[in-house]
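J.: As input, take final_31.txt (compact mmCIF, C-alpha atoms):
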# COMPACT_ATOMS: atom_id res chain seq x y z
CA MET Z 33 49.14 -8.50 16.89
CA SER Z 34 47.99 -9.99 13.61
CA VAL Z 35 47.88 -9.68 9.84
CA VAL Z 36 44.51 -8.43 8.58
CA ALA Z 37 43.19 -9.13 5.06
CA MET Z 38 40.59 -6.61 3.90
CA LEU Z 39 37.93 -8.53 1.97
CA GLN Z 40 35.47 -6.98 -0.48
CA GLY Z 41 33.21 -9.93 -1.28
CA THR Z 42 34.62 -10.83 -4.70
CA VAL Z 43 35.93 -14.39 -4.47
CA GLU Z 44 38.84 -14.20 -6.94
CA THR Z 45 40.04 -10.84 -5.64
CA ASP Z 46 39.69 -11.87 -2.00
CA LEU Z 47 41.60 -15.10 -2.65
CA SER Z 48 44.57 -13.07 -3.92
CA THR Z 49 44.41 -10.79 -0.87
CA MET Z 50 44.16 -13.75 1.50
CA ARG Z 51 47.13 -15.56 -0.03
CA THR Z 52 49.41 -12.56 0.39
CA ALA Z 53 48.14 -12.03 3.95
CA LEU Z 54 48.57 -15.72 4.82
CA SER Z 55 52.13 -15.71 3.52
CA LEU Z 56 52.98 -12.69 5.68
CA ALA Z 57 51.28 -14.19 8.76
CA ARG Z 58 53.28 -17.40 8.36
CA ARG Z 59 56.56 -15.53 8.06
CA MET Z 60 55.84 -13.32 11.08
CA ASN Z 61 54.26 -16.16 13.08
CA VAL Z 62 51.15 -14.13 13.95
CA PRO Z 63 47.40 -14.82 13.61
CA LEU Z 64 45.53 -13.99 10.41
CA ARG Z 65 42.17 -12.23 10.34
CA GLY Z 66 39.95 -11.87 7.30
CA LEU Z 67 37.89 -8.70 7.75
CA CYS Z 68 34.75 -7.82 5.81
CA ALA Z 69 33.34 -4.47 6.95
CA LEU Z 70 29.84 -3.45 5.91
CA PRO Z 71 27.77 -0.51 7.15
CA ASP Z 72 24.46 -0.89 8.95
CA PRO Z 73 21.92 -1.02 6.07
CA ASN Z 74 19.42 1.04 8.04
CA SER Z 75 21.89 3.90 8.49
CA ALA Z 76 22.40 4.14 4.74
CA LEU Z 77 18.71 4.71 3.97
CA MET Z 78 16.71 7.91 4.13
CA VAL Z 79 13.79 7.87 6.51
CA ILE Z 80 10.70 8.64 4.47
CA ALA Z 81 7.69 9.63 6.52
CA THR Z 82 4.86 9.29 4.01
CA PRO Z 83 2.73 6.11 4.26
CA GLU Z 84 2.96 5.65 0.51
CA ALA Z 85 6.73 5.23 0.78
CA ALA Z 86 6.68 2.64 3.55
CA GLY Z 87 6.58 -0.34 1.20
CA LEU Z 88 9.36 1.07 -0.96
CA THR Z 89 11.57 1.69 2.08
CA SER Z 90 11.02 -1.87 3.31
CA ALA Z 91 11.84 -3.33 -0.12
CA THR Z 92 14.98 -1.19 -0.39
CA THR Z 93 16.15 -2.26 3.06
CA GLN Z 94 15.67 -5.93 2.16
CA SER Z 95 17.58 -5.42 -1.09
CA VAL Z 96 20.55 -3.96 0.83
CA PHE Z 97 20.44 -6.87 3.30
CA ASP Z 98 20.42 -9.38 0.44
CA MET Z 99 23.36 -7.65 -1.25
CA GLN Z 100 25.36 -7.67 1.98
CA GLU Z 101 24.63 -11.35 2.55
CA GLU Z 102 26.02 -12.12 -0.91
CA VAL Z 103 29.15 -10.07 -0.18
CA LEU Z 104 29.65 -11.86 3.14
CA SER Z 105 29.07 -15.28 1.57
CA ASN Z 106 31.71 -14.59 -1.11
CA ALA Z 107 34.19 -13.25 1.45
CA ARG Z 108 33.72 -16.30 3.69
CA GLU Z 109 34.18 -18.66 0.73
CA ALA Z 110 37.46 -16.96 -0.24
CA PHE Z 111 38.61 -17.06 3.40
CA ARG Z 112 37.81 -20.78 3.78
CA THR Z 113 39.48 -21.67 0.49
CA ALA Z 114 42.66 -19.71 1.22
CA THR Z 115 43.07 -20.98 4.79
CA GLU Z 116 42.24 -24.63 4.16
CA GLY Z 117 45.15 -26.67 5.48
CA ALA Z 118 46.83 -23.66 7.12
CA GLU Z 119 47.16 -25.37 10.51
CA SER Z 120 50.33 -23.45 11.40
CA VAL Z 121 48.46 -20.13 11.45
CA THR Z 122 45.52 -19.16 13.66
CA CYS Z 123 42.86 -17.90 11.24
CA GLU Z 124 39.67 -15.97 12.01
CA PHE Z 125 36.96 -14.47 9.80
CA LYS Z 126 35.27 -11.32 11.10
CA HIS Z 127 32.25 -9.42 9.83
CA GLU Z 128 32.31 -5.89 11.26
CA VAL Z 129 29.30 -3.57 11.10
CA ASN Z 130 31.15 -0.34 10.38
CA THR Z 131 32.22 1.90 7.54
CA VAL Z 132 35.05 0.27 5.64
CA GLU Z 133 37.23 3.36 6.14
CA ARG Z 134 36.91 3.24 9.93
CA ALA Z 135 37.30 -0.53 10.15
CA ALA Z 136 40.39 -0.52 7.94
CA ALA Z 137 42.01 2.36 9.82
CA ASN Z 138 41.46 0.55 13.13
CA ALA Z 139 43.03 -2.57 11.64
CA ALA Z 140 46.02 -0.66 10.27
CA ALA Z 141 46.66 0.97 13.64
CA LEU Z 142 46.68 -2.28 15.63
CA SER Z 143 48.08 -4.97 13.33
CA GLU Z 144 51.48 -5.97 11.98
CA ALA Z 145 50.12 -5.51 8.46
CA VAL Z 146 46.79 -4.77 6.80
CA VAL Z 147 46.54 -6.22 3.29
CA PHE Z 148 44.33 -4.82 0.52
CA PRO Z 149 43.69 -6.18 -2.97
CA ARG Z 150 45.88 -4.51 -5.54
CA ILE Z 151 42.82 -3.10 -7.32
CA ALA Z 152 41.90 -1.10 -4.21
CA ALA Z 153 43.98 1.73 -5.69
CA ASP Z 154 41.38 2.05 -8.46
CA GLY Z 155 38.79 4.70 -7.63
CA SER Z 156 35.96 2.53 -8.94
CA GLN Z 157 36.63 -0.33 -6.49
CA PRO Z 158 34.68 -0.84 -3.23
CA LEU Z 159 37.76 -0.74 -0.99
CA ASN Z 160 39.24 2.37 -2.61
CA PRO Z 161 37.78 4.83 -0.04
CA ALA Z 162 39.45 2.86 2.75
CA PHE Z 163 42.72 2.60 0.77
CA GLU Z 164 42.89 6.38 0.28
CA HIS Z 165 41.73 7.15 3.82
CA ILE Z 166 44.46 5.03 5.40
CA LEU Z 167 47.24 6.49 3.27
CA MET Z 168 46.24 10.10 2.83
CA ASP Z 169 44.14 10.96 5.89
CA ALA Z 170 45.14 8.56 8.67
CA HIS Z 171 48.79 8.31 7.49
CA LEU Z 172 48.88 4.62 8.38
CA PRO Z 173 50.62 1.79 6.51
CA LEU Z 174 49.12 -0.83 4.25
CA VAL Z 175 50.18 -3.66 1.96
CA LEU Z 176 48.78 -4.25 -1.51
CA ALA Z 177 48.68 -7.90 -2.52
CA GLY Z 178 51.17 -9.04 -5.12
CA THR Z 179 50.45 -11.11 -8.17
CA ALA Z 180 52.35 -14.09 -6.67
CA ALA Z 181 50.90 -16.02 -3.74
CA ASP Z 182 54.05 -16.09 -1.60
CA VAL Z 183 55.86 -13.09 -0.15
CA ALA Z 184 59.43 -14.32 -0.20
CA GLY Z 185 62.66 -12.45 0.48
CA PRO Z 186 64.45 -10.30 -0.22
CA ALA Z 187 62.45 -7.11 0.27
CA ILE Z 188 63.26 -4.06 -1.81
CA ILE Z 189 63.19 -0.65 -0.14
CA ALA Z 190 62.79 2.25 -2.56
CA TRP Z 191 64.88 4.74 -0.60
CA ASP Z 192 65.17 8.48 -1.15
CA GLY Z 193 65.34 9.66 2.45
CA SER Z 194 61.86 11.20 2.26
CA ASN Z 195 59.47 11.20 5.21
CA GLY Z 196 57.15 8.84 3.32
CA ALA Z 197 59.93 6.34 2.63
CA ALA Z 198 61.11 6.52 6.25
CA ARG Z 199 57.60 5.93 7.58
CA ALA Z 200 57.14 3.00 5.21
CA VAL Z 201 60.32 1.38 6.53
CA ARG Z 202 59.52 1.99 10.20
CA PHE Z 203 55.90 0.90 9.92
CA HIS Z 204 56.78 -2.31 8.06
CA LEU Z 205 59.80 -3.23 10.18
CA PRO Z 206 58.15 -6.48 11.44
CA ILE Z 207 57.80 -7.65 7.83
CA LEU Z 208 61.39 -6.67 7.00
CA LYS Z 209 62.64 -8.58 10.05
CA ALA Z 210 60.61 -11.62 9.05
CA LEU Z 211 62.07 -11.60 5.52
CA GLY Z 212 65.54 -10.88 6.92
CA ASP Z 213 67.17 -9.68 3.71
CA VAL Z 214 66.84 -6.25 2.13
CA ILE Z 215 67.88 -4.57 -1.09
CA ILE Z 216 68.16 -0.78 -0.76
CA ALA Z 217 67.22 0.55 -4.18
CA GLN Z 218 68.05 4.08 -5.15
CA ASN Z 219 68.23 6.29 -8.20
CA THR Z 220 71.46 8.30 -7.89
CA ASP Z 221 69.90 11.09 -9.93
CA ASP Z 222 67.42 11.58 -7.08
CA LEU Z 223 70.24 11.60 -4.53
CA GLU Z 224 72.11 14.30 -6.42
CA LYS Z 225 69.04 16.57 -6.35
CA ASP Z 226 69.32 16.91 -2.58
CA PRO Z 227 72.95 16.28 -1.57
CA GLN Z 228 72.69 18.21 1.68
CA ARG Z 229 70.43 15.56 3.27
CA GLU Z 230 72.76 12.91 4.63
CA ILE Z 231 69.80 10.68 5.49
CA SER Z 232 69.14 10.23 1.77
CA ALA Z 233 72.33 8.20 1.39
CA PRO Z 234 71.62 4.46 1.26
CA GLU Z 235 74.39 3.89 3.81
CA ALA Z 236 72.31 5.75 6.41
CA LEU Z 237 69.47 3.29 6.00
CA SER Z 238 71.87 0.33 5.83
CA ASP Z 239 73.42 1.30 9.19
CA TRP Z 240 69.95 1.61 10.75
CA LEU Z 241 68.92 -1.80 9.42
CA VAL Z 242 72.02 -3.38 10.95
CA LEU Z 243 70.83 -2.15 14.35
CA GLN Z 244 67.53 -3.97 13.68
CA GLY Z 245 69.37 -7.20 12.86
CA ILE Z 246 68.62 -6.98 9.12
CA SER Z 247 71.25 -7.51 6.44
CA SER Z 248 71.09 -5.33 3.34
CA ARG Z 249 72.83 -4.46 0.10
CA VAL Z 250 72.55 -1.44 -2.17
CA MET Z 251 71.49 -1.65 -5.81
CA GLU Z 252 71.13 1.10 -8.38
CA ILE Z 253 67.76 1.57 -10.06
CA GLU Z 254 68.26 1.50 -13.80
CA GLY Z 255 66.12 3.70 -16.02
CA GLU Z 256 62.68 4.96 -15.02
CA VAL Z 257 62.09 4.32 -11.31
CA ALA Z 258 58.94 2.16 -11.41
CA ALA Z 259 60.17 0.02 -14.31
CA GLY Z 260 63.59 -0.27 -12.65
CA LEU Z 261 62.07 -1.42 -9.36
CA LEU Z 262 59.93 -4.03 -11.08
CA ALA Z 263 62.90 -5.32 -13.07
CA MET Z 264 64.97 -5.48 -9.88
CA ALA Z 265 62.23 -7.41 -8.12
CA LYS Z 266 62.00 -9.90 -10.96
CA GLY Z 267 65.76 -10.39 -11.15
CA SER Z 268 66.24 -10.82 -7.40
CA GLY Z 269 63.08 -12.81 -6.66
CA ALA Z 270 61.89 -10.14 -4.24
CA GLY Z 271 58.35 -10.63 -2.97
CA LEU Z 272 57.88 -7.15 -1.53
CA ILE Z 273 58.62 -3.52 -2.42
CA VAL Z 274 58.53 -1.01 0.46
CA ALA Z 275 57.97 2.57 -0.68
CA GLY Z 276 56.69 5.96 0.34
CA ALA Z 277 53.38 6.58 -1.43
CA TYR Z 278 52.41 9.57 -3.50
CA GLY Z 279 55.46 11.81 -3.40
CA HIS Z 280 53.40 14.51 -5.12
CA SER Z 281 49.86 15.60 -4.35
CA ARG Z 282 47.05 13.18 -5.15
CA LEU Z 283 45.84 15.50 -7.91
CA THR Z 284 49.26 15.58 -9.54
CA GLU Z 285 49.57 11.80 -9.25
CA ARG Z 286 46.19 11.27 -10.91
CA LEU Z 287 46.88 13.70 -13.73
CA PHE Z 288 50.49 12.84 -14.49
CA GLY Z 289 51.03 9.34 -13.14
CA GLY Z 290 54.11 8.95 -10.95
CA THR Z 291 56.13 6.06 -9.61
CA THR Z 292 53.45 4.98 -7.14
CA ARG Z 293 50.68 4.68 -9.67
CA ARG Z 294 52.92 2.89 -12.17
CA LEU Z 295 53.78 0.32 -9.51
CA LEU Z 296 50.10 -0.09 -8.66
CA LYS Z 297 49.09 -0.65 -12.26
CA ALA Z 298 51.78 -3.20 -13.11
CA ASP Z 299 50.38 -6.48 -14.46
CA SER Z 300 52.99 -8.56 -12.65
CA ALA Z 301 54.51 -7.28 -9.43
CA PRO Z 302 55.41 -8.25 -5.85
CA ALA Z 303 53.41 -7.09 -2.86
CA LEU Z 304 53.69 -3.36 -2.23
CA ALA Z 305 54.07 -1.96 1.31
CA LEU Z 306 53.15 1.73 1.40
CA ALA Z 307 53.04 4.69 3.77
CA HIS Z 308 52.53 8.39 3.06
Can the structure in the file be given as structure tokens, please?

T.:
Amino acid sequence: MSVVAMLQGTVETDLSTMRTALSLARRMNVPLRGLCALPDPNSALMVIATPEAAGLTSATTQSVFDMQEEVLSNAREAFRTATEGAESVTCEFKHEVNTVERAAANAAALSEAVVFPRIAADGSQPLNPAFEHILMDAHLPLVLAGTAADVAGPAIIAWDGSNGAARAVRFHLPILKALGDVIIAQNTDDLEKDPQREISAPEALSDWLVLQGISSRVMEIEGEVAAGLLAMAKGSGAGLIVAGAYGHSRLTERLFGGTTRRLLKADSAPALALAH
């Protein structure tokens, strides 16, 4: 198993992704892989049969190749810079000829954690299709890089007993074990909305964590959920928030915001481990 950093070929952004991924790999004592997935340029071009178009097709193909080489060069530079001196972790850079959605989904299925840049949640960013595919279509976990380089304990679990929150906890159990200390954060107003579900009680999660060898404590979220979680993270020094993503539909989230999107758009925040 390994930690995989999804690289997009922008040096500053990839450095942030790599630093979060390297911190997680160190804590879990697993290899780190920097992955830059790019499609076959030829498959992205239309085949034009007319002789007049042959020169244009050749020039377009070369342009795509040149663009991909620049992306790869930037990704490799970020990888080398981030891993310089990281002798305690086995590090590997991989260029995969594949769609980024398929490559990222494969990585998420077979790694301890797959780390995206925080901006991947933005629809205009190159890794956004893979980000949305993993969460919404493949229902696999991912981690969004935090604004700090190190992912230190404790971890905060935003717990409401939902299927998304439960999947986020189960999927990211190796990270939680590596950090060893957990804060179970809950808004009691949410708990009172669904009192018949015993699993929503923080004590249910706390008992389960004990069986995994993880100590935990319960803290109340004060005020609006996203702002309360960020304030809790700052006050406790938490380097990771584990949460179920997109409690409402994607359309509702985009139109009206929601806790997930507020966490994603925060200027200063810990890493964010998500599952839907």

J.: Work out how far atom CA of Glu252 of chain Z is from atom CA of Leu56 of chain Z, in Å to one decimal.

T.: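 Going from atom CA of Leu56 of chain Z over to atom CA of Glu252 of chain Z, I get 26.8 Å.
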
J.: Give the answer as one residue: which of Z:Val274, Z:Arg112, Z:Gly267, Z:Ala135 has the shortest atom-to-atom distance to Ala190 of chain Z, using all atoms listed in the file?

T.: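 Ranking Z:Val274, Z:Arg112, Z:Gly267, Z:Ala135 by distance to Ala190 of chain Z, first place goes to Z:Val274.
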
J.: Pick from Z:Val96, Z:Leu237, Z:Ala277, Z:Met264: nearest to Leu167 of chain Z, with all atoms listed in the file counted?

T.: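 Comparing Z:Val96, Z:Leu237, Z:Ala277, Z:Met264 against Leu167 of chain Z, the winner is Z:Ala277.
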
J.: Please determine, counting only C-alpha atoms, which residue among Z:Ala270, Z:Ser95, Z:Ile189, Z:Val257 has the shortest atom-to-atom distance to Thr220 of chain Z.

T.: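 Comparing Z:Ala270, Z:Ser95, Z:Ile189, Z:Val257 against Thr220 of chain Z, the winner is Z:Val257.
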
J.: State, in Å with one decimal place, the distance from atom CA of Thr179 of chain Z to atom CA of Leu295 of chain Z.

T.: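 About the pair atom CA of Thr179 of chain Z and atom CA of Leu295 of chain Z: they are 12.0 Å apart.
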
J.: Calculated over all atoms listed in the file, which of the candidates Z:Ile207, Z:Val103, Z:Ala305, Z:Met251 has the smallest distance to Cys68 of chain Z?

T.: Z:Val103

J.: Using only C-alpha atoms and a cutoff of 10 Å, can you tell me which residues are near (47.8, -5.0, 2.1) in the file's coordinates, and write them out as a list in words?

T.: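 Taken together, the residues in range are Val35, Val36, Ala37, Met38, Thr49, Met50, Thr52, Ala53, Leu56, Ala140, Ala145, Val146, Val147, Phe148, Pro149, Arg150, Ala152, Phe163, Pro173, Leu174, Val175, Leu176, Ala177, Gly178, Ala303, Leu304, Ala305 and Leu306 of chain Z.
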
J.: Please identify all polymer residues within 12 Å of Glu254 of chain Z, counting only C-alpha atoms, omitting same-chain residues fewer than 5 positions from it, and present them as a VMD selection string.

T.: chain Z and resid 217 to 221 259 to 264

J.: Of the candidates Z:Ile215, Z:Leu54, Z:Ala210, Z:Ala275, which one gets nearest to Gly117 of chain Z if we count only C-alpha atoms?

T.: Z:Leu54

J.: One decimal, Å: what's the distance from atom CA of Trp191 of chain Z over to atom CA of Ile216 of chain Z, could you say?

T.: 6.4 Å

J.: Val214 of chain Z: which residues within 7 Å, counting all atoms listed in the file, same-chain residues fewer than 6 positions away excluded, as a PyMOL selection string?

T.: chain Z and resi 186-188+247-249

J.: Check the smallest atom-to-atom distance from each of Z:Gly269, Z:Pro158, Z:Gly66, Z:Gly290 to Gln40 of chain Z using only C-alpha atoms, then report the winner.

T.: Z:Pro158

J.: So that I can see what lies close to Glu102 of chain Z, please list as a PDB file with C-alpha atoms, keeping the file's coordinate frame the residues with an atom at most 10 Å from it, counting all atoms listed in the file and leaving out residues fewer than 5 positions away in the same chain.

T.:
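Full text of around-v7.pdb as output:
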ATOM      1  CA  GLY Z  41      33.210  -9.930  -1.280  1.00  0.00           C
ATOM      2  CA  THR Z  42      34.620 -10.830  -4.700  1.00  0.00           C
ATOM      3  CA  VAL Z  96      20.550  -3.960   0.830  1.00  0.00           C
ATOM      4  CA  PHE Z  97      20.440  -6.870   3.300  1.00  0.00           C
ATOM      5  CA  ALA Z 107      34.190 -13.250   1.450  1.00  0.00           C
ATOM      6  CA  ARG Z 108      33.720 -16.300   3.690  1.00  0.00           C
TER       7      ARG Z 108
END
